[in-house]
Structure formats: structure tokens, C-alpha cells
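The structure file start06.pdb is reproduced below (PDB, C-alpha atoms (C1' of nucleotides)).
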```
ATOM      1  CA  MET A  18      22.163   8.572 -19.682  1.00  0.00           C
ATOM      2  CA  ARG A  19      20.966   6.551 -16.747  1.00  0.00           C
ATOM      3  CA  LEU A  20      19.934   9.819 -15.192  1.00  0.00           C
ATOM      4  CA  ASP A  21      17.648  10.563 -18.094  1.00  0.00           C
ATOM      5  CA  ASN A  22      15.860   7.268 -17.694  1.00  0.00           C
ATOM      6  CA  MET A  23      15.652   7.868 -14.011  1.00  0.00           C
ATOM      7  CA  LEU A  24      14.072  11.262 -14.357  1.00  0.00           C
ATOM      8  CA  LEU A  25      11.737   9.952 -16.990  1.00  0.00           C
ATOM      9  CA  ALA A  26      10.626   7.122 -14.747  1.00  0.00           C
ATOM     10  CA  GLU A  27      10.031   9.498 -11.884  1.00  0.00           C
ATOM     11  CA  GLY A  28       7.902  11.669 -14.097  1.00  0.00           C
ATOM     12  CA  VAL A  29      10.134  14.710 -13.828  1.00  0.00           C
ATOM     13  CA  SER A  30      10.953  15.072 -17.477  1.00  0.00           C
ATOM     14  CA  ARG A  31       7.477  14.020 -18.449  1.00  0.00           C
ATOM     15  CA  PRO A  32       6.004  16.480 -20.944  1.00  0.00           C
ATOM     16  CA  GLU A  33       2.615  16.666 -19.246  1.00  0.00           C
ATOM     17  CA  ARG A  34       1.167  15.748 -15.928  1.00  0.00           C
ATOM     18  CA  ARG A  35      -2.079  14.412 -17.287  1.00  0.00           C
ATOM     19  CA  GLY A  36      -3.581  11.467 -15.431  1.00  0.00           C
ATOM     20  CA  ARG A  37      -1.722   8.181 -15.148  1.00  0.00           C
ATOM     21  CA  GLY A  38       0.454   8.504 -12.097  1.00  0.00           C
ATOM     22  CA  GLY A  39       2.140   5.526 -13.603  1.00  0.00           C
ATOM     23  CA  PRO A  40       5.335   4.046 -12.273  1.00  0.00           C
ATOM     24  CA  VAL A  41       5.843   6.470  -9.462  1.00  0.00           C
ATOM     25  CA  ALA A  42       4.332   4.378  -6.700  1.00  0.00           C
ATOM     26  CA  ALA A  43       4.892   0.932  -8.132  1.00  0.00           C
ATOM     27  CA  ALA A  44       8.631   0.541  -7.961  1.00  0.00           C
ATOM     28  CA  ASN A  45       8.810  -1.104  -4.574  1.00  0.00           C
ATOM     29  CA  THR A  46      10.259  -4.528  -4.020  1.00  0.00           C
ATOM     30  CA  ALA A  47       7.708  -5.975  -1.681  1.00  0.00           C
ATOM     31  CA  THR A  48       5.503  -3.267  -0.193  1.00  0.00           C
ATOM     32  CA  PRO A  49       4.225  -5.462   2.576  1.00  0.00           C
ATOM     33  CA  GLY A  50       0.669  -4.378   2.411  1.00  0.00           C
ATOM     34  CA  GLY A  51       1.251  -1.104   4.141  1.00  0.00           C
ATOM     35  CA  CYS A  52      -0.172   0.994   1.354  1.00  0.00           C
ATOM     36  CA  SER A  53      -3.360  -0.685   0.413  1.00  0.00           C
ATOM     37  CA  ASN A  54      -5.973   1.945   0.910  1.00  0.00           C
ATOM     38  CA  ASP A  55      -4.720   5.406   1.835  1.00  0.00           C
ATOM     39  CA  ASN A  56      -2.707   6.698  -1.068  1.00  0.00           C
ATOM     40  CA  SER A  57      -4.761   9.720  -1.911  1.00  0.00           C
ATOM     41  CA  LEU A  58      -3.934  12.262   0.735  1.00  0.00           C
ATOM     42  CA  GLU A  59      -0.215  11.747   1.088  1.00  0.00           C
ATOM     43  CA  HIS A  60       0.078  11.302  -2.614  1.00  0.00           C
ATOM     44  CA  SER A  61      -1.297  14.724  -3.333  1.00  0.00           C
ATOM     45  CA  ASP A  62       1.383  16.215  -1.140  1.00  0.00           C
ATOM     46  CA  TYR A  63       3.980  14.048  -2.796  1.00  0.00           C
ATOM     47  CA  ARG A  64       2.774  15.076  -6.237  1.00  0.00           C
ATOM     48  CA  ALA A  65       2.858  18.722  -5.287  1.00  0.00           C
ATOM     49  CA  LYS A  66       6.465  18.507  -4.233  1.00  0.00           C
ATOM     50  CA  LEU A  67       7.348  16.477  -7.269  1.00  0.00           C
ATOM     51  CA  SER A  68       5.798  18.982  -9.616  1.00  0.00           C
ATOM     52  CA  GLN A  69       7.686  21.727  -7.839  1.00  0.00           C
ATOM     53  CA  ILE A  70      10.920  19.889  -8.485  1.00  0.00           C
ATOM     54  CA  ARG A  71       9.875  19.319 -12.055  1.00  0.00           C
ATOM     55  CA  GLN A  72       9.128  22.990 -12.545  1.00  0.00           C
ATOM     56  CA  ILE A  73      12.497  24.062 -11.223  1.00  0.00           C
ATOM     57  CA  TYR A  74      14.190  21.435 -13.302  1.00  0.00           C
ATOM     58  CA  HIS A  75      12.533  22.564 -16.492  1.00  0.00           C
ATOM     59  CA  SER A  76      13.120  26.249 -15.938  1.00  0.00           C
ATOM     60  CA  GLU A  77      16.777  25.623 -15.184  1.00  0.00           C
ATOM     61  CA  LEU A  78      17.102  23.410 -18.195  1.00  0.00           C
ATOM     62  CA  GLU A  79      15.527  26.056 -20.365  1.00  0.00           C
ATOM     63  CA  LYS A  80      17.896  28.691 -19.021  1.00  0.00           C
ATOM     64  CA  TYR A  81      20.884  26.526 -19.786  1.00  0.00           C
ATOM     65  CA  GLU A  82      19.720  25.844 -23.288  1.00  0.00           C
ATOM     66  CA  GLN A  83      19.093  29.473 -23.956  1.00  0.00           C
ATOM     67  CA  ALA A  84      22.491  30.429 -22.623  1.00  0.00           C
ATOM     68  CA  CYS A  85      24.032  27.737 -24.746  1.00  0.00           C
ATOM     69  CA  ARG A  86      22.324  29.059 -27.853  1.00  0.00           C
ATOM     70  CA  GLU A  87      23.345  32.617 -27.123  1.00  0.00           C
ATOM     71  CA  PHE A  88      26.910  31.675 -26.456  1.00  0.00           C
ATOM     72  CA  THR A  89      27.088  29.584 -29.581  1.00  0.00           C
ATOM     73  CA  THR A  90      25.836  32.351 -31.823  1.00  0.00           C
ATOM     74  CA  HIS A  91      28.164  34.774 -30.113  1.00  0.00           C
ATOM     75  CA  VAL A  92      31.170  32.599 -30.769  1.00  0.00           C
ATOM     76  CA  THR A  93      30.217  31.895 -34.348  1.00  0.00           C
ATOM     77  CA  ASN A  94      29.817  35.590 -34.983  1.00  0.00           C
ATOM     78  CA  LEU A  95      33.215  36.166 -33.524  1.00  0.00           C
ATOM     79  CA  LEU A  96      34.738  33.563 -35.768  1.00  0.00           C
ATOM     80  CA  ARG A  97      32.975  35.043 -38.755  1.00  0.00           C
ATOM     81  CA  GLU A  98      34.538  38.377 -38.003  1.00  0.00           C
ATOM     82  CA  GLN A  99      37.920  36.763 -37.700  1.00  0.00           C
ATOM     83  CA  SER A 100      37.447  35.116 -41.046  1.00  0.00           C
ATOM     84  CA  ARG A 101      38.043  38.509 -42.607  1.00  0.00           C
ATOM     85  CA  MET A 102      41.529  38.641 -41.112  1.00  0.00           C
ATOM     86  CA  ARG A 103      42.505  35.013 -41.447  1.00  0.00           C
ATOM     87  CA  PRO A 104      41.147  31.897 -43.038  1.00  0.00           C
ATOM     88  CA  VAL A 105      38.684  30.147 -40.776  1.00  0.00           C
ATOM     89  CA  SER A 106      37.671  26.699 -41.877  1.00  0.00           C
ATOM     90  CA  PRO A 107      34.110  25.470 -41.298  1.00  0.00           C
ATOM     91  CA  LYS A 108      35.687  22.590 -39.486  1.00  0.00           C
ATOM     92  CA  GLU A 109      37.082  24.936 -36.874  1.00  0.00           C
ATOM     93  CA  ILE A 110      33.704  26.497 -36.298  1.00  0.00           C
ATOM     94  CA  GLU A 111      32.152  23.088 -35.953  1.00  0.00           C
ATOM     95  CA  ARG A 112      34.758  22.109 -33.436  1.00  0.00           C
ATOM     96  CA  MET A 113      34.164  25.184 -31.325  1.00  0.00           C
ATOM     97  CA  VAL A 114      30.427  24.613 -31.348  1.00  0.00           C
ATOM     98  CA  SER A 115      30.766  21.031 -30.260  1.00  0.00           C
ATOM     99  CA  VAL A 116      33.109  22.055 -27.469  1.00  0.00           C
ATOM    100  CA  ILE A 117      30.567  24.584 -26.228  1.00  0.00           C
ATOM    101  CA  HIS A 118      27.773  22.052 -26.384  1.00  0.00           C
ATOM    102  CA  GLY A 119      29.874  19.584 -24.481  1.00  0.00           C
ATOM    103  CA  LYS A 120      30.482  22.062 -21.680  1.00  0.00           C
ATOM    104  CA  PHE A 121      26.845  22.942 -21.385  1.00  0.00           C
ATOM    105  CA  SER A 122      25.670  19.375 -21.423  1.00  0.00           C
ATOM    106  CA  ALA A 123      28.094  18.662 -18.595  1.00  0.00           C
ATOM    107  CA  ILE A 124      26.390  21.374 -16.601  1.00  0.00           C
ATOM    108  CA  GLN A 125      23.018  19.934 -17.477  1.00  0.00           C
ATOM    109  CA  MET A 126      24.237  16.605 -16.231  1.00  0.00           C
ATOM    110  CA  GLN A 127      24.870  18.127 -12.863  1.00  0.00           C
ATOM    111  CA  LEU A 128      21.408  19.594 -12.845  1.00  0.00           C
ATOM    112  CA  LYS A 129      19.927  16.233 -13.676  1.00  0.00           C
ATOM    113  CA  GLN A 130      21.899  14.553 -10.969  1.00  0.00           C
ATOM    114  CA  SER A 131      20.895  16.961  -8.269  1.00  0.00           C
ATOM    115  CA  THR A 132      17.298  16.736  -9.408  1.00  0.00           C
ATOM    116  CA  CYS A 133      17.554  12.984  -9.186  1.00  0.00           C
ATOM    117  CA  GLU A 134      18.835  13.202  -5.666  1.00  0.00           C
ATOM    118  CA  ALA A 135      16.033  15.522  -4.671  1.00  0.00           C
ATOM    119  CA  VAL A 136      13.478  13.144  -6.090  1.00  0.00           C
ATOM    120  CA  MET A 137      14.993  10.189  -4.320  1.00  0.00           C
ATOM    121  CA  THR A 138      14.984  12.020  -1.027  1.00  0.00           C
ATOM    122  CA  LEU A 139      11.390  13.006  -1.538  1.00  0.00           C
ATOM    123  CA  ARG A 140      10.497   9.446  -2.389  1.00  0.00           C
ATOM    124  CA  SER A 141      12.055   7.977   0.693  1.00  0.00           C
ATOM    125  CA  ARG A 142      10.464  10.668   2.776  1.00  0.00           C
ATOM    126  CA  PHE A 143       6.954  10.007   1.568  1.00  0.00           C
ATOM    127  CA  LEU A 144       6.890   6.434   0.431  1.00  0.00           C
ATOM    128  CA  ASP A 145       8.745   4.869   3.304  1.00  0.00           C
ATOM    129  CA  ALA A 146       6.092   3.071   5.308  1.00  0.00           C
ATOM    130  CA  ARG A 147       7.943   3.777   8.507  1.00  0.00           C
ATOM    131  CA  ARG A 148       6.963   7.402   8.149  1.00  0.00           C
ATOM    132  CA  LYS A 149       3.303   6.646   8.576  1.00  0.00           C
ATOM    133  CA  ARG A 150       3.380   3.886  11.105  1.00  0.00           C
ATOM    134  CA  ARG A 151       0.123   3.111  12.812  1.00  0.00           C
ATOM    135  CA  ASN A 152      -0.304   0.894  15.799  1.00  0.00           C
ATOM    136  CA  PHE A 153      -2.357  -2.199  15.214  1.00  0.00           C
ATOM    137  CA  SER A 154      -5.900  -2.365  16.417  1.00  0.00           C
ATOM    138  CA  LYS A 155      -6.639  -3.838  19.812  1.00  0.00           C
ATOM    139  CA  ARG A 156      -8.083  -6.867  18.131  1.00  0.00           C
ATOM    140  CA  ALA A 157      -4.940  -7.484  16.088  1.00  0.00           C
ATOM    141  CA  THR A 158      -2.522  -7.309  19.003  1.00  0.00           C
ATOM    142  CA  GLU A 159      -4.883  -9.461  21.013  1.00  0.00           C
ATOM    143  CA  VAL A 160      -4.962 -12.160  18.376  1.00  0.00           C
ATOM    144  CA  LEU A 161      -1.218 -12.039  17.882  1.00  0.00           C
ATOM    145  CA  ASN A 162      -0.440 -12.128  21.583  1.00  0.00           C
ATOM    146  CA  GLU A 163      -2.822 -15.011  22.109  1.00  0.00           C
ATOM    147  CA  TYR A 164      -0.973 -17.072  19.566  1.00  0.00           C
ATOM    148  CA  PHE A 165       2.421 -15.980  20.818  1.00  0.00           C
ATOM    149  CA  TYR A 166       1.826 -16.842  24.452  1.00  0.00           C
ATOM    150  CA  SER A 167       0.038 -20.072  23.708  1.00  0.00           C
ATOM    151  CA  HIS A 168       2.982 -21.188  21.570  1.00  0.00           C
ATOM    152  CA  LEU A 169       5.770 -19.782  23.692  1.00  0.00           C
ATOM    153  CA  ASN A 170       7.791 -22.953  23.230  1.00  0.00           C
ATOM    154  CA  ASN A 171       7.760 -22.554  19.477  1.00  0.00           C
ATOM    155  CA  PRO A 172       6.476 -19.135  18.488  1.00  0.00           C
ATOM    156  CA  TYR A 173       6.968 -19.690  14.781  1.00  0.00           C
ATOM    157  CA  PRO A 174       3.596 -19.740  13.055  1.00  0.00           C
ATOM    158  CA  SER A 175       3.384 -21.578   9.777  1.00  0.00           C
ATOM    159  CA  GLU A 176       2.271 -19.868   6.626  1.00  0.00           C
ATOM    160  CA  GLU A 177      -1.259 -21.060   7.218  1.00  0.00           C
ATOM    161  CA  ALA A 178      -1.258 -19.877  10.784  1.00  0.00           C
ATOM    162  CA  LYS A 179       0.047 -16.519   9.661  1.00  0.00           C
ATOM    163  CA  GLU A 180      -2.740 -16.207   7.150  1.00  0.00           C
ATOM    164  CA  ARG A 181      -5.304 -17.080   9.768  1.00  0.00           C
ATOM    165  CA  LEU A 182      -3.871 -14.555  12.213  1.00  0.00           C
ATOM    166  CA  ALA A 183      -3.707 -11.940   9.505  1.00  0.00           C
ATOM    167  CA  ARG A 184      -7.332 -12.438   8.579  1.00  0.00           C
ATOM    168  CA  LYS A 185      -8.467 -12.449  12.195  1.00  0.00           C
ATOM    169  CA  GLY A 186      -6.534  -9.322  13.037  1.00  0.00           C
ATOM    170  CA  GLY A 187      -7.287  -7.437   9.860  1.00  0.00           C
ATOM    171  CA  ILE A 188      -3.620  -7.079   8.899  1.00  0.00           C
ATOM    172  CA  THR A 189      -1.390  -8.577   6.255  1.00  0.00           C
ATOM    173  CA  VAL A 190       0.723 -11.701   6.444  1.00  0.00           C
ATOM    174  CA  SER A 191       3.857  -9.596   6.193  1.00  0.00           C
ATOM    175  CA  GLN A 192       2.734  -7.587   9.156  1.00  0.00           C
ATOM    176  CA  VAL A 193       2.177 -10.782  11.094  1.00  0.00           C
ATOM    177  CA  SER A 194       5.697 -11.886  10.234  1.00  0.00           C
ATOM    178  CA  ASN A 195       7.104  -8.551  11.272  1.00  0.00           C
ATOM    179  CA  TRP A 196       5.207  -8.677  14.505  1.00  0.00           C
ATOM    180  CA  PHE A 197       6.453 -12.128  15.408  1.00  0.00           C
ATOM    181  CA  GLY A 198       9.990 -11.208  14.476  1.00  0.00           C
ATOM    182  CA  ASN A 199       9.884  -8.179  16.726  1.00  0.00           C
ATOM    183  CA  LYS A 200       8.035  -9.984  19.469  1.00  0.00           C
ATOM    184  CA  ARG A 201      10.392 -12.923  19.656  1.00  0.00           C
ATOM    185  CA  ILE A 202      13.522 -10.870  19.943  1.00  0.00           C
ATOM    186  CA  ARG A 203      12.041  -8.318  22.287  1.00  0.00           C
ATOM    187  CA  TYR A 204      10.572 -10.959  24.507  1.00  0.00           C
ATOM    188  CA  LYS A 205      13.856 -12.763  24.655  1.00  0.00           C
ATOM    189  CA  LYS A 206      15.719  -9.546  25.313  1.00  0.00           C
ATOM    190  CA  ASN A 207      14.045  -9.086  28.630  1.00  0.00           C
ATOM    191  CA  MET A 208      11.344 -11.469  29.623  1.00  0.00           C
ATOM    192  CA  GLY A 209      10.732  -9.585  32.822  1.00  0.00           C
ATOM    193  CA  LYS A 210       9.059  -6.730  31.066  1.00  0.00           C
ATOM    194  CA  PHE A 211       6.593  -9.075  29.423  1.00  0.00           C
ATOM    195  CA  GLN A 212       5.656 -11.173  32.456  1.00  0.00           C
ATOM    196  CA  GLU A 213       2.562  -9.144  33.152  1.00  0.00           C
ATOM    197  CA  GLU A 214       1.416  -9.418  29.584  1.00  0.00           C
ATOM    198  CA  ALA A 215       2.248 -13.112  29.573  1.00  0.00           C
ATOM    199  CA  THR A 216       0.088 -13.911  32.568  1.00  0.00           C
ATOM    200  CA  ILE A 217      -2.743 -11.838  31.193  1.00  0.00           C
ATOM    201  CA  TYR A 218      -2.823 -13.708  27.930  1.00  0.00           C
ATOM    202  CA  THR A 219      -2.179 -17.146  29.334  1.00  0.00           C
ATOM    203  CA  THR A 220      -4.990 -16.805  31.846  1.00  0.00           C
ATOM    204  CA  LYS A 221      -7.220 -15.373  29.184  1.00  0.00           C
ATOM    205  CA  MET A 222      -6.451 -18.343  27.008  1.00  0.00           C
ATOM    206  CA  ALA A 223      -7.220 -20.713  29.847  1.00  0.00           C
ATOM    207  CA  VAL A 224     -10.564 -19.089  30.540  1.00  0.00           C
ATOM    208  CA  GLY A 225     -11.492 -18.760  26.918  1.00  0.00           C
ATOM    209  CA  GLY A 226     -10.478 -22.326  26.193  1.00  0.00           C
ATOM    210  CA  LEU A 227     -12.761 -23.740  28.854  1.00  0.00           C
ATOM    211  CA  GLY A 228     -16.015 -22.093  27.979  1.00  0.00           C
ATOM    212  CA  SER A 229     -15.947 -20.582  24.542  1.00  0.00           C
ATOM    213  CA  GLN A 230     -16.651 -16.886  24.769  1.00  0.00           C
ATOM    214  CA  ALA A 231     -20.360 -16.920  25.229  1.00  0.00           C
ATOM    215  CA  SER A 232     -20.511 -15.268  28.611  1.00  0.00           C
ATOM    216  CA  CYS A 233     -17.300 -13.345  28.679  1.00  0.00           C
ATOM    217  CA  PRO A 234     -17.806  -9.592  28.760  1.00  0.00           C
ATOM    218  CA  SER A 235     -14.069  -8.955  28.801  1.00  0.00           C
ATOM    219  CA  THR A 236     -13.674  -9.554  25.069  1.00  0.00           C
ATOM    220  CA  PRO A 237     -14.850  -6.431  23.309  1.00  0.00           C
ATOM    221  CA  SER A 238     -13.965  -8.082  19.995  1.00  0.00           C
ATOM    222  CA  SER A 239     -14.056  -4.753  18.221  1.00  0.00           C
ATOM    223  CA  GLY A 240     -11.441  -2.255  19.114  1.00  0.00           C
ATOM    224  CA  GLU A 241     -10.136   0.806  17.339  1.00  0.00           C
TER     225      GLU A 241
ATOM    226  C1'  DT B  65       9.506  17.241  25.673  1.00  0.00           C
ATOM    227  C1'  DG B  66      12.359  13.253  26.634  1.00  0.00           C
ATOM    228  C1'  DA B  67      11.611   8.321  27.400  1.00  0.00           C
ATOM    229  C1'  DT B  68       9.559   4.392  25.968  1.00  0.00           C
ATOM    230  C1'  DA B  69       6.640   1.369  22.895  1.00  0.00           C
ATOM    231  C1'  DT B  70       6.076  -0.306  18.417  1.00  0.00           C
ATOM    232  C1'  DG B  71       5.792  -1.329  13.443  1.00  0.00           C
ATOM    233  C1'  DA B  72       8.947  -1.547   9.438  1.00  0.00           C
ATOM    234  C1'  DT B  73      13.333  -1.992   7.153  1.00  0.00           C
ATOM    235  C1'  DT B  74      18.025  -3.538   6.446  1.00  0.00           C
ATOM    236  C1'  DC B  75      21.825  -6.765   6.757  1.00  0.00           C
ATOM    237  C1'  DG B  76      24.322 -11.064   7.339  1.00  0.00           C
ATOM    238  C1'  DA B  77      23.837 -16.034   8.068  1.00  0.00           C
ATOM    239  C1'  DG B  78      21.895 -20.448   7.070  1.00  0.00           C
TER     240       DG B  78
ATOM    241  C1'  DC C 136      13.214 -17.619   1.318  1.00  0.00           C
ATOM    242  C1'  DT C 137      13.201 -17.049   6.937  1.00  0.00           C
ATOM    243  C1'  DC C 138      15.605 -15.932  10.996  1.00  0.00           C
ATOM    244  C1'  DG C 139      17.900 -12.874  14.562  1.00  0.00           C
ATOM    245  C1'  DA C 140      19.865  -8.552  15.316  1.00  0.00           C
ATOM    246  C1'  DA C 141      20.441  -3.774  14.834  1.00  0.00           C
ATOM    247  C1'  DT C 142      18.393   0.255  13.471  1.00  0.00           C
ATOM    248  C1'  DC C 143      15.075   3.652  11.827  1.00  0.00           C
ATOM    249  C1'  DA C 144      11.002   6.561  12.294  1.00  0.00           C
ATOM    250  C1'  DT C 145       6.757   7.280  14.294  1.00  0.00           C
ATOM    251  C1'  DA C 146       3.203   6.951  18.274  1.00  0.00           C
ATOM    252  C1'  DT C 147       2.282   7.261  22.712  1.00  0.00           C
ATOM    253  C1'  DC C 148       3.172   8.170  27.521  1.00  0.00           C
ATOM    254  C1'  DA C 149       4.442  10.677  31.734  1.00  0.00           C
TER     255       DA C 149
END
```

Have the structure of the file written as C-alpha cells, please.
Amino acid sequence: MRLDNMLLAEGVSRPERRGRGGPVAAANTATPGGCSNDNSLEHSDYRAKLSQIRQIYHSELEKYEQACREFTTHVTNLLREQSRMRPVSPKEIERMVSVIHGKFSAIQMQLKQSTCEAVMTLRSRFLDARRKRRNFSKRATEVLNEYFYSHLNNPYPSEEAKERLARKGGITVSQVSNWFGNKRIRYKKNMGKFQEEATIYTTKMAVGGLGSQASCPSTPSSGE
DNA sequence: TGATATGATTCGAG
DNA sequence: CTCGAATCATATCA
């Protein structure tokens, strides 16, 4: 019965597809800001696939139910015929019918399970933020690198600092945390590869620290 | 097209 | 919760 709830929550066994996308896109644990603006285009694709799954699911379900009905009537007719030869109690008929229904519902269970799997796969395919990774803007990486290389001794920004960096770079706090996590370990892994970058940012910091940025044409400030 | 860069996620430890 | 580490999946480069 968990499967039923599952399918219901995913909108597969929903009677209609009218409005209210509902709980489909809201079941994430944290969703670190990745999907804040651009849900429309990918979502249409996602919805299309989901409705395809739903259609198959419903047609299969209908087929099973029809087959179940046919088989049930067939068996009951058979038993009715036999009742002319031997006594057939209503209890026996009832038992046969329930056995048939049990078999068919087991098959339906399998259908539900495979549908569930398909939906989960689809979900992870489309809703996983890793699938639509975008590099940060020039401005964002600049801001982050400036902080990183000016705090090389302790590159662990506080919550406030993270918020400031996030605002300055136009990204979320979670993204700032991710960036610093990646940066720390990758810098440590081989510092040699980052020496060039390090000197660039440290010298930039030195220059920028001395005379504001009034006459510095090398800070485009708006990248994209 | 393969190699590399990079953002995001997962997992265990503290 | 945050952290380091490993890993995934995509973007970008040569």
C-alpha cells in the first residue's frame, strides 16, 4: 500500500492533470537554491514524460481489471454449470472469486512497482541539480577567489561572510559553502596547479586594497 | 571526442 | 550542523 501512496504523491494515479503541479517538485530535503527561477522549460519535459508513464499505467491497469472481470465471470459460469452435476455452495464460489482477485492484484502490484521505479528514475534524471550545472558568473568566482586567497590561512568563512559573498556574487549561501568545500580540498590536493591563480588574486587584492577601484580598468565588475 | 574543470551530492566523522 | 573525501554529472577545452 506504500506504492499506492507513492504513485498518488507523484501524480501518476491522479484522476486529472488539471493545474496544481503540487507535491511533485517540493519533496526535496534542502534544494540548495539551484532551482529558483528556471522551472518552466525542464518541467514541461518532465511533465510530458510523467504523463506518458501515467497513461501507460492507466491503460495497463484497465486491461488487468477487464481481464480480471472476464475471468471471474467465466469461472462463475463454469461453477454454475457444475452446480447441475454436484452441489456447489455459494461459499465455494466466493472463495474462487477471492482467489482470482488476489492473483490479479498481485500482478497489479508489480505494475505499480515498476511504474514507481520509472517515476523515480525520471525524477532523479530531471530534478537532480547536477544535471543542469552551470558555471558561476565571472563576478561570482572573482569574489569567491578573492576571499579564498586573502584568507588562505583560514579559508572558512563565517555564516555572515558567506551571506555577504553570496549576495556579492549573485549566488546562494549553499553554493558558497559548496564552492569553499570544493576549493579547499582541491587546492590542498595540488597547490601547484593553483599557484598562477593564487598570485593573480593576491596581487589583485594588493592593488585593489591600496587604491579602491576608482581607476582600475581591469575590473569589469559585470561578467556573464 | 577524450581530458580536464567545476558545481553538486553523498557518506562518515566529529 | 559542518567538515573532508570520494564521487557524480555536466561544461568547457584542445

Contacts of segment 144-146 of chain C within 9 Å, all atoms listed in the file, excl. fewer than 5 positions in-chain, as number ranges by chain:
A: 147-152; B: 69-72

Quick one: everything within 10 Å of segment 88-91 of chain A, counting all atoms listed in the file, minus sequence neighbours fewer than 6 positions away in the same chain. Send it as a PyMOL selection string.
chain A and resi 82+97+110+113-118

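The environment of DG139 of chain C within 12 Å, counting only C-alpha atoms (C1' of nucleotides) and disregarding residues fewer than 6 places along the same chain, consists of Phe197, Gly198, Asn199, Lys200, Arg201, Ile202, Arg203, Lys205 and Lys206 of chain A; DC75, DG76, DA77 and DG78 of chain B.
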
Work out how far atom C1' of DC148 of chain C is from atom CA of Leu182 of chain A, in Å to one decimal.
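Between atom CA of Leu182 of chain A and atom C1' of DC148 of chain C the gap is 28.3 Å.
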
Shell of 8 Å around segment 65-69 of chain A, only C-alpha atoms (C1' of nucleotides), local chain residues under 2 positions omitted, as a VMD selection string:
chain A and resid 29 61 to 63 71 to 73 136 139

May I ask for the distance between atom CA of Ala178 of chain A and atom CA of Tyr218 of chain A, given in Å to one decimal place?
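Here the two named atoms are 18.3 Å from each other.
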
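The coordinates place atom CA of Asp145 of chain A at 24.5 Å from atom C1' of DA67 of chain B.
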
Given the file above and the PyMOL selection byres ((chain C and resi 141) around 9), which residues are selected, and can you give them as a list in words?
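In the shown coordinates, the PyMOL selection byres ((chain C and resi 141) around 9) covers DT74 and DC75 of chain B; DA140 and DT142 of chain C.
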
Evaluate the PyMOL selection byres ((chain A and resi 192) around 10) and report residues as a PyMOL selection string:
(chain A and resi 49-51+153+179+183+188-191+193-198) or (chain B and resi 71-72)

Kindly indicate which residue among A:Glu177, A:Met126, A:Thr158, A:Ile217 lies nearest to chain B, using only C-alpha atoms (C1' of nucleotides) for the distances.
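Distance minimum relative to chain B lands on A:Thr158.
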